[in-house]
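Novice: File follows, coords23.cif with mmCIF, C-alpha atoms:
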```
data_upload
loop_
_atom_site.label_atom_id
_atom_site.label_comp_id
_atom_site.auth_asym_id
_atom_site.auth_seq_id
_atom_site.Cartn_x
_atom_site.Cartn_y
_atom_site.Cartn_z
CA VAL A 1 -5.92 -1.95 -0.66
CA TYR A 2 -4.34 0.20 -3.37
CA ALA A 3 -6.51 0.50 -6.49
CA VAL A 4 -5.74 1.99 -9.89
CA SER A 5 -8.88 4.13 -10.31
CA ILE A 6 -12.02 5.24 -8.50
CA ALA A 7 -14.12 2.68 -10.38
CA HIS A 8 -11.59 -0.05 -9.55
CA ALA A 9 -11.60 0.92 -5.86
CA ARG A 10 -15.37 0.77 -5.73
CA GLN A 11 -15.38 -2.65 -7.43
CA ILE A 12 -12.88 -4.04 -4.93
CA ALA A 13 -14.79 -2.60 -1.95
CA ALA A 14 -18.06 -4.02 -3.31
CA TYR A 15 -16.44 -7.45 -3.74
CA TYR A 16 -15.17 -7.52 -0.15
CA SER A 17 -18.55 -6.31 1.14
CA LEU A 18 -20.38 -8.93 -0.93
CA HIS A 19 -18.30 -11.56 0.87
CA GLY A 20 -19.06 -10.22 4.33
CA VAL A 21 -15.98 -8.06 4.86
CA GLU A 22 -16.87 -4.51 5.90
CA SER A 23 -15.07 -2.28 3.40
CA VAL A 24 -15.20 1.18 1.83
CA ALA A 25 -13.56 2.94 -1.11
CA ILE A 26 -11.81 6.25 -0.42
CA ASP A 27 -10.55 8.56 -3.15
CA SER A 28 -9.96 12.24 -3.94
CA ARG A 29 -13.73 12.80 -4.21
CA THR A 30 -14.35 11.62 -0.65
CA PRO A 31 -14.93 14.75 1.47
CA ALA A 32 -12.20 15.36 4.05
CA LEU A 33 -14.52 15.00 7.05
CA GLU A 34 -15.99 11.75 5.72
CA ARG A 35 -12.49 10.45 4.97
CA LYS A 36 -11.44 11.22 8.54
CA GLU A 37 -14.50 9.43 9.95
CA LEU A 38 -13.90 6.37 7.75
CA VAL A 39 -10.27 6.16 8.87
CA GLU A 40 -11.39 6.37 12.51
CA ASP A 41 -13.94 3.60 11.88
CA PHE A 42 -11.08 1.54 10.41
CA ARG A 43 -8.89 2.18 13.46
CA ARG A 44 -11.75 1.12 15.76
CA GLY A 45 -12.40 -2.05 13.73
CA LYS A 46 -15.83 -1.03 12.42
CA ILE A 47 -14.39 -1.19 8.89
CA SER A 48 -11.98 -4.01 8.01
CA VAL A 49 -10.75 -2.87 4.58
CA LEU A 50 -10.01 0.59 3.19
CA VAL A 51 -9.66 0.58 -0.59
CA ASN A 52 -7.94 3.74 -1.79
CA VAL A 53 -6.73 5.53 -4.89
CA ASP A 54 -3.48 7.39 -4.05
CA ILE A 55 -4.74 8.50 -0.64
CA PHE A 56 -2.71 6.32 1.75
CA SER A 57 0.58 5.91 -0.13
CA GLU A 58 2.34 8.49 2.04
CA GLY A 59 1.64 10.00 5.43
CA PHE A 60 -0.95 7.47 6.61
CA ASP A 61 -0.13 6.61 10.21
CA CYS A 62 -1.83 3.44 11.41
CA PRO A 63 0.77 0.95 12.70
CA ASP A 64 -1.88 -1.71 13.38
CA VAL A 65 -2.44 -2.37 9.64
CA GLU A 66 -2.13 -6.15 9.19
CA PHE A 67 -3.03 -6.51 5.52
CA VAL A 68 -1.85 -4.67 2.39
CA GLN A 69 -3.12 -5.50 -1.08
CA LEU A 70 -1.38 -4.04 -4.11
CA ALA A 71 -3.98 -3.99 -6.88
CA ARG A 72 -2.35 -1.21 -8.89
CA PRO A 73 0.92 -1.16 -10.81
CA THR A 74 3.69 1.37 -10.33
CA LEU A 75 7.17 1.84 -11.72
CA SER A 76 8.22 3.79 -8.63
CA LEU A 77 10.27 1.94 -6.03
CA ALA A 78 9.50 4.73 -3.56
CA LYS A 79 5.73 4.36 -4.05
CA TYR A 80 6.00 0.56 -3.77
CA LEU A 81 7.93 0.79 -0.49
CA GLN A 82 5.59 3.47 0.89
CA GLN A 83 2.52 1.37 0.12
CA VAL A 84 3.95 -1.86 1.49
CA GLY A 85 5.37 0.05 4.44
CA ARG A 86 1.84 0.90 5.63
CA GLY A 87 1.65 -2.68 6.89
CA LEU A 88 5.26 -3.19 7.96
CA ARG A 89 5.22 -0.67 10.80
CA LYS A 90 5.99 -2.15 14.18
CA SER A 91 3.10 -2.34 16.63
CA ASP A 92 2.49 -4.04 19.96
CA ASN A 93 -0.88 -5.21 18.64
CA LYS A 94 0.34 -7.29 15.68
CA GLU A 95 2.76 -10.07 14.90
CA SER A 96 2.75 -9.97 11.10
CA CYS A 97 1.36 -8.38 7.98
CA VAL A 98 -0.19 -10.16 4.99
CA LEU A 99 0.93 -8.69 1.66
CA ILE A 100 -1.03 -9.56 -1.48
CA ASP A 101 0.67 -8.40 -4.67
CA ASN A 102 -1.92 -8.75 -7.44
CA VAL A 103 0.22 -6.92 -9.98
CA GLY A 104 3.64 -8.56 -9.48
CA LEU A 105 5.54 -5.58 -8.08
CA HIS A 106 7.77 -7.95 -6.09
CA ARG A 107 9.14 -9.20 -9.44
CA ILE A 108 10.19 -5.67 -10.37
CA PHE A 109 11.40 -4.39 -7.00
CA GLY A 110 11.99 -7.50 -4.90
CA LEU A 111 10.59 -8.03 -1.45
CA PRO A 112 10.47 -4.93 0.74
CA VAL A 113 13.14 -6.34 3.07
CA ARG A 114 15.62 -6.85 0.23
CA ASP A 115 19.03 -5.29 0.77
CA ARG A 116 19.27 -2.37 -1.67
CA ASP A 117 22.31 -0.57 -2.99
CA TRP A 118 20.86 2.90 -2.36
CA GLU A 119 24.05 4.71 -3.34
CA ALA A 120 24.15 3.02 -6.76
CA MET A 121 20.44 3.69 -7.24
CA PHE A 122 20.90 7.37 -6.44
CA GLU A 123 23.91 7.63 -8.73
CA GLY A 124 21.95 5.89 -11.50
CA ARG A 125 19.06 8.34 -11.09
CA MET A 126 21.44 11.29 -11.30
CA ALA A 127 22.86 9.81 -14.52
CA GLY A 128 19.38 9.35 -15.98
CA ASN A 129 19.10 5.62 -15.28
CA ALA A 130 15.84 5.16 -13.40
CA GLN A 131 16.12 1.37 -13.14
CA PRO A 132 16.26 0.26 -9.51
CA ARG A 133 19.31 -1.80 -8.68
CA THR A 134 19.09 -4.30 -5.87
CA ARG A 135 21.35 -6.96 -4.49
CA MET A 136 20.41 -10.15 -2.73
CA GLU A 137 22.34 -11.38 0.25
CA ASN A 138 23.53 -14.97 -0.05
#
```
Represent the supplied structure as structure tokens.
Specialist:
Amino acid sequence: VYAVSIAHARQIAAYYSLHGVESVAIDSRTPALERKELVEDFRRGKISVLVNVDIFSEGFDCPDVEFVQLARPTLSLAKYLQQVGRGLRKSDNKESCVLIDNVGLHRIFGLPVRDRDWEAMFEGRMAGNAQPRTRMEN
């Protein structure tokens, strides 16, 4: 789960825990060793939900992730795709990934599998136009 702030992450983790889902909040204040242990507990299934604040957007390698919840807004297509991509990695141990978009990012960026005109987007960025351009296949 991607949260907007430390307080928000803790609220979300508390809500899941209150409803019987083992969860923890991880943020920049979580000591590195504790963070590593919590991630290992997640990988082993001891923790079901990791709620984070800008910790797992990039570089988090856990292909078995089956659930991604976007509870924070962003105007960055790259960040959106990185976050959603945490659950879209191929793995022998999963058939699908549930994506919950609480903040409507799919309305801004489209679904992650949408065909994108990357060349036009790059050219637009170089010209100062940061709006992502996408195209839908018919």
Novice: What's around range 12-26 of chain A at 8 Å? Count all atoms listed in the file, leave out sequence neighbours fewer than 2 positions away in its own chain, and write the answer as a ChimeraX atom specification.
Specialist: /A:3,6,8-10,28-30,35,38,46-53,55
Novice: Between CA of Gln11 in chain A and CA of Arg44 in chain A, what is the spacing in Å?
Specialist: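 For CA of Arg44 in chain A relative to CA of Gln11 in chain A, the distance reads 23.8 Å.
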Novice: Fewer than 2 positions away in the same chain doesn't count, so skip those; otherwise give me all residues within 7 Å of range 96-106 of chain A, counting all atoms listed in the file, as a list in words.
Specialist: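 The contact residues come out as Glu66, Phe67, Val68, Gln69, Leu70, Ala71, Arg72, Pro73, Gly87, Leu88, Lys94, Ile108, Phe109, Gly110 and Leu111 of chain A.
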Novice: For CA of Arg116 in chain A and CA of Ser76 in chain A, determine how far apart the two atoms are, in Å to one decimal place.
Specialist: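 According to the coordinates, CA of Arg116 in chain A and CA of Ser76 in chain A are separated by 14.4 Å.
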Novice: What is the distance, in Å and to one decimal place, between CA of Phe60 in chain A and CA of Pro31 in chain A?
Specialist: 16.6 Å
Novice: Quick one: what's the axis-aligned box for range 27-37 of chain A, all listed atoms, 5 Å on every side, centre and edges in Å to one decimal, as lines of an AutoDock Vina configuration file?
Specialist:
```
center_x = -13.0
center_y = 12.0
center_z = 2.9
size_x = 16.0
size_y = 16.8
size_z = 24.2
```
Novice: For Lys90 in chain A, which of A:Ala120, A:Val39, A:Cys62, A:Leu33 is the closest residue, counting all atoms listed in the file?
Specialist: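 Nearest to Lys90 in chain A: A:Cys62.
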